[in-house]
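Each remark here refers to the structure printed beneath this line.
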Amino acid sequence: MDTALSAERLEVMKHLGKDLDGLIAEYLKPIDENWQPSDFLPDSRNEDFVREVKLLQESCRDLPYDYMAVLIGDTITEEALPTYESWLMDVIGVNQVGEPESGWVKWVRAWTAEENRHGDLLNKYLYLSGRVNMRAMEVSTQYLIADGFDIGTDRDPYRNFIYTSFQELATNVSHRRTATLAKKFGNPHLSKICGVIASDEARHAKAYKTFVSRILEVDPSEMVIALEDMMKKKIVMPAHFMRESGVKMGDTFAHFSDAAQRLGVYTTIDYIEILESLLVEWELGTLGGINEKAEKARDYLMALPSRLRRIADRTRIPELAYEFSWIS
């Protein structure tokens with residue numbers, strides 16, 4: 001990103017940052033009032049702990065293989081938070097020189113703190129389930145953090161907020177579906193766990209969509225162009241480099257994605273519907289005050305869902321069985 005454009009982005013971020021305390025209060029919860037992983041897990045201090053763990057294991061015994069694979073993949077994704085925090089802290093306008101406690105820094109830290117509970121809860125649940133090779137899962141988590149990721153946003157806040165808006169909606173869909181399926185498979189406890197995580201993701205999505213809406217008010221052309229760029233690259237999942245020990249980078253993620261498609265947890269159609277919802281949310285079809293380049297970008301974006309649906313209609317979901325090292 002050139003120096004002039006970076007300076008413009010910085011000014012917009014400073015403008016948006018004036019009301020961040022209010023947005024933090026609206027979209028994040030006070031720590032002492034928030035749920036914690038231990039609220040949903042057997043308490044090891046209780047005499048009934050062993051019995052409760054056995055009941056938990058019984059409720060997990062008949063969960064399908066693909067379901068376990070998706071739940072583990074979701075957990076690994078959630079646990080790569082050190083990568084996500086360091087990435088957001090490097091975005092233009094977040095960690096500003098001379099302002100170590102800027103509103104944006106507070107936002108990133110507080111958002112990360114809420115997100116951290118997700119992987120923590122799922123990790124402990126999977127450990128207690130007795131169905132997971134925890135070491136293999138932990139190796140994949142360490143690989144994912146060590147390998148980092150490239151999501152095509154660079155340090156641009158516009159592209160990053162587009163990405164986080166999309167991703168928070170995608171994780172909401174995924175966790176919401178795993179909640180529904182857990183209930184279907186006779187595990188209301190796990191359904192509740194996935195449900196509360198999905199609720200967090202929905203709330204966080206509202207925040208990032210609001211950031212984009214506010215940028216559209218002050219710099220609509222550049223934001224529309226940024227959205228076109230992100231959709232041409234395609235929004236990749238944060239765990240797209242996921243791998244197991246001895247497996248080529250990305251191959252494990254492909255198998256995880258196939259399992260999610262087979263289950264209907266997160267599909268190509270979901271991707272398209274999220275895009276459609278964002279185009280409506282940000283009122284792209286009626287957005288005024290944009291330049292010629294942005295007009296062309298808008299034309300591309302408004303036509304994109306239909307084009308993606310035609311491609312999706314021709315896409316077949318692989319039925320090839322794959323044995324994950326994570327599942328005992």
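Residue numbering restarts at 1 in every chain; chains get A, B, ... in the order shown in the structure tokens, and ligands count up from 1 in that same order.
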Would you please give, as a ChimeraX atom specification, all residues of stretch 10-75 of chain A that DSSP assigns to alpha helix (DSSP H) based on the backbone?
/A:10-17,20-27,49-60,65-75
Excluding stretch 215-223 of chain A and any residue of its chain fewer than 4 positions from it, enumerate the residues within 7 Å of it, using only C-alpha atoms, and give them as an MDAnalysis selection string.
chainID A and resid 158 211 227 290:291 294
Excluding A:Glu168 and its own-chain neighbours fewer than 3 positions away, which residues fall within 8 Å of it when counting only C-alpha atoms? Please give them as an NGL selection string.
:A and (164-165 or 171-172 or 201-202 or 204-205)
Counting only C-alpha atoms, the option among A:Lys14, A:His189, A:His118, A:Lys106 closest to A:His175
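Counting only C-alpha atoms, the residue closest to A:His175 is A:His118.
Distances from A:Asp299, A:Glu319, A:Asp229, A:Asp120 to A:His255 were compared using only C-alpha atoms, and the smallest one belongs to A:Glu319.
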Pick the closest to A:Ser199 from A:Ile92, A:Val53, A:Val247, A:Tyr27: which is it, counting only C-alpha atoms?
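The answer is A:Tyr27, which sits nearest to A:Ser199.
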Correct to one decimal, the distance atom CA of A:Ser328-atom CA of A:Asn133 is 5.6 Å
Provide the atom CA of A:Leu181 to atom CA of A:Asp200 distance in Å, to one decimal place.
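For atom CA of A:Leu181 relative to atom CA of A:Asp200, the distance reads 18.7 Å.
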With only C-alpha atoms as the basis for distance, which of A:Ile311, A:Val12, A:Leu41, A:Val132 is at the shortest distance from A:Val94?
A:Val12
What's the separation between atom CA of A:Ala7 and atom CA of A:Tyr163, in Å to one decimal place?
21.1 Å
Closest atom pairs, residues of stretch 234-266 of chain A within 12 Å of stretch 66-78 of chain A, only C-alpha atoms, as a tab-separated table:
residue	atom	partner	partner_atom	distance
A:Met237	CA	A:Thr77	CA	9.0
A:Pro238	CA	A:Thr77	CA	7.0
A:Ala239	CA	A:Thr77	CA	5.5
A:His240	CA	A:Thr77	CA	9.2
A:Phe241	CA	A:Thr77	CA	10.2
A:Met242	CA	A:Thr77	CA	8.3
A:Arg243	CA	A:Gly73	CA	10.0
A:Glu244	CA	A:Gly73	CA	10.9
A:Thr252	CA	A:Gly73	CA	9.2
A:Phe253	CA	A:Gly73	CA	8.0
A:Ala254	CA	A:Gly73	CA	10.9
A:His255	CA	A:Ala69	CA	9.0
A:Phe256	CA	A:Val70	CA	6.2
A:Ser257	CA	A:Val70	CA	8.0
A:Asp258	CA	A:Asp66	CA	9.0
A:Ala259	CA	A:Asp66	CA	5.3
A:Ala260	CA	A:Val70	CA	6.0
A:Gln261	CA	A:Asp66	CA	9.7
A:Arg262	CA	A:Asp66	CA	7.9
A:Leu263	CA	A:Asp66	CA	7.1
A:Gly264	CA	A:Tyr67	CA	10.2
A:Val265	CA	A:Val70	CA	8.2
A:Tyr266	CA	A:Val70	CA	9.7
Nearest residue to A:Thr210 out of A:Glu281, A:Asp251, A:Glu323, A:Glu47, using only C-alpha atoms?
A:Glu281
Polymer residues at most 12 Å from A:Arg131, only C-alpha atoms, same-chain spacing of 4 or more positions, as a count of residues only
23
Set the distance at 10 Å and use only C-alpha atoms: which residues neighbour A:Leu301 once local chain neighbours fewer than 4 positions away are removed? I'd like the list as an MDAnalysis selection string.
chainID A and resid 224:225 227:229 231:232 275:276 279 284:285 295:297 305:306
Could you write out the selected residues, including all heavy atoms, as a CSV table (one decimal), in the first residue's frame?
chain,number,residue,atom,x,y,z
A,224,VAL,N,-15.6,0.3,-1.4
A,224,VAL,CA,-16.2,-0.6,-2.4
A,224,VAL,C,-15.1,-1.3,-3.2
A,224,VAL,O,-15.2,-2.5,-3.5
A,224,VAL,CB,-17.1,0.2,-3.3
A,224,VAL,CG1,-17.6,-0.7,-4.5
A,224,VAL,CG2,-18.3,0.7,-2.5
A,225,ILE,N,-14.1,-0.5,-3.6
A,225,ILE,CA,-12.9,-1.1,-4.3
A,225,ILE,C,-12.2,-2.2,-3.5
A,225,ILE,O,-11.8,-3.2,-4.0
A,225,ILE,CB,-11.9,0.0,-4.7
A,225,ILE,CG1,-12.6,0.9,-5.8
A,225,ILE,CG2,-10.6,-0.6,-5.3
A,225,ILE,CD1,-11.9,2.2,-6.0
A,227,LEU,N,-13.7,-4.0,-1.2
A,227,LEU,CA,-14.5,-5.2,-1.2
A,227,LEU,C,-14.4,-6.0,-2.4
A,227,LEU,O,-14.4,-7.3,-2.4
A,227,LEU,CB,-16.0,-4.7,-0.9
A,227,LEU,CG,-17.1,-5.8,-0.9
A,227,LEU,CD1,-16.7,-6.9,0.2
A,227,LEU,CD2,-18.4,-5.2,-0.6
A,228,GLU,N,-14.4,-5.3,-3.6
A,228,GLU,CA,-14.2,-6.0,-4.9
A,228,GLU,C,-12.9,-6.8,-4.8
A,228,GLU,O,-12.9,-8.0,-5.2
A,228,GLU,CB,-14.2,-5.0,-6.0
A,228,GLU,CG,-13.9,-5.7,-7.4
A,228,GLU,CD,-13.5,-4.7,-8.4
A,228,GLU,OE1,-12.8,-3.8,-8.1
A,228,GLU,OE2,-13.8,-5.0,-9.6
A,229,ASP,N,-11.8,-6.2,-4.4
A,229,ASP,CA,-10.5,-6.9,-4.3
A,229,ASP,C,-10.6,-8.2,-3.5
A,229,ASP,O,-10.1,-9.2,-3.8
A,229,ASP,CB,-9.5,-5.9,-3.8
A,229,ASP,CG,-8.1,-6.6,-3.7
A,229,ASP,OD1,-7.6,-7.0,-4.7
A,229,ASP,OD2,-7.6,-6.7,-2.5
A,231,MET,N,-13.2,-10.0,-2.7
A,231,MET,CA,-14.1,-11.0,-3.2
A,231,MET,C,-13.4,-11.7,-4.5
A,231,MET,O,-13.7,-12.9,-4.8
A,231,MET,CB,-15.4,-10.5,-3.6
A,231,MET,CG,-16.2,-10.0,-2.4
A,231,MET,SD,-16.2,-11.1,-0.9
A,231,MET,CE,-16.8,-12.6,-1.6
A,232,LYS,N,-12.6,-10.9,-5.2
A,232,LYS,CA,-11.9,-11.5,-6.3
A,232,LYS,C,-10.8,-12.5,-5.9
A,232,LYS,O,-10.6,-13.5,-6.5
A,232,LYS,CB,-11.2,-10.4,-7.2
A,232,LYS,CG,-12.2,-9.7,-8.1
A,232,LYS,CD,-11.5,-8.7,-9.0
A,232,LYS,CE,-12.5,-8.1,-10.1
A,232,LYS,NZ,-11.8,-7.1,-11.0
A,275,LEU,N,-22.2,-13.4,1.5
A,275,LEU,CA,-21.9,-12.3,0.6
A,275,LEU,C,-23.2,-11.5,0.3
A,275,LEU,O,-23.2,-10.2,0.4
A,275,LEU,CB,-21.3,-12.8,-0.7
A,275,LEU,CG,-21.2,-11.7,-1.8
A,275,LEU,CD1,-20.3,-10.6,-1.4
A,275,LEU,CD2,-20.6,-12.4,-3.1
A,276,GLU,N,-24.3,-12.2,0.0
A,276,GLU,CA,-25.5,-11.5,-0.3
A,276,GLU,C,-26.0,-10.7,0.9
A,276,GLU,O,-26.5,-9.5,0.7
A,276,GLU,CB,-26.6,-12.5,-0.7
A,276,GLU,CG,-26.4,-13.2,-2.1
A,276,GLU,CD,-27.3,-14.3,-2.4
A,276,GLU,OE1,-27.8,-15.0,-1.4
A,276,GLU,OE2,-27.7,-14.5,-3.6
A,279,LEU,N,-24.0,-7.4,1.1
A,279,LEU,CA,-24.3,-6.5,0.1
A,279,LEU,C,-25.6,-5.7,0.5
A,279,LEU,O,-25.7,-4.5,0.2
A,279,LEU,CB,-24.5,-7.2,-1.3
A,279,LEU,CG,-23.3,-7.8,-1.9
A,279,LEU,CD1,-23.6,-8.5,-3.2
A,279,LEU,CD2,-22.2,-6.8,-2.1
A,284,LEU,N,-25.1,-1.7,-0.8
A,284,LEU,CA,-24.2,-1.4,-1.9
A,284,LEU,C,-25.0,-1.0,-3.2
A,284,LEU,O,-24.5,-0.2,-4.0
A,284,LEU,CB,-23.4,-2.6,-2.2
A,284,LEU,CG,-21.9,-2.3,-2.4
A,284,LEU,CD1,-21.3,-1.9,-1.0
A,284,LEU,CD2,-21.1,-3.4,-3.0
A,285,GLY,N,-26.2,-1.6,-3.4
A,285,GLY,CA,-26.9,-1.4,-4.6
A,285,GLY,C,-27.4,0.1,-4.7
A,285,GLY,O,-27.6,0.6,-5.9
A,295,GLU,N,-17.8,2.4,-9.2
A,295,GLU,CA,-19.0,2.0,-9.9
A,295,GLU,C,-18.8,0.6,-10.6
A,295,GLU,O,-19.7,-0.3,-10.5
A,295,GLU,CB,-19.5,3.0,-10.9
A,295,GLU,CG,-20.0,4.3,-10.3
A,295,GLU,CD,-21.5,4.2,-9.9
A,295,GLU,OE1,-22.0,3.0,-9.9
A,295,GLU,OE2,-22.1,5.2,-9.6
A,296,LYS,N,-17.7,0.5,-11.2
A,296,LYS,CA,-17.4,-0.8,-11.9
A,296,LYS,C,-17.2,-1.9,-10.9
A,296,LYS,O,-17.7,-3.0,-11.1
A,296,LYS,CB,-16.1,-0.6,-12.7
A,296,LYS,CG,-16.3,0.3,-14.0
A,296,LYS,CD,-15.0,0.4,-14.7
A,296,LYS,CE,-15.2,1.3,-16.0
A,296,LYS,NZ,-13.9,1.5,-16.7
A,297,ALA,N,-16.6,-1.6,-9.8
A,297,ALA,CA,-16.5,-2.6,-8.7
A,297,ALA,C,-17.8,-3.0,-8.2
A,297,ALA,O,-18.1,-4.2,-7.9
A,297,ALA,CB,-15.6,-2.0,-7.6
A,305,PRO,N,-22.9,-12.9,-6.7
A,305,PRO,CA,-23.7,-14.1,-6.1
A,305,PRO,C,-24.3,-15.0,-7.2
A,305,PRO,O,-24.2,-16.2,-7.0
A,305,PRO,CB,-24.7,-13.4,-5.3
A,305,PRO,CG,-24.1,-12.1,-4.9
A,305,PRO,CD,-23.4,-11.6,-6.1
A,306,SER,N,-24.9,-14.4,-8.2
A,306,SER,CA,-25.5,-15.3,-9.3
A,306,SER,C,-24.4,-16.1,-10.0
A,306,SER,O,-24.7,-17.3,-10.3
A,306,SER,CB,-26.2,-14.4,-10.3
A,306,SER,OG,-27.3,-13.8,-9.7
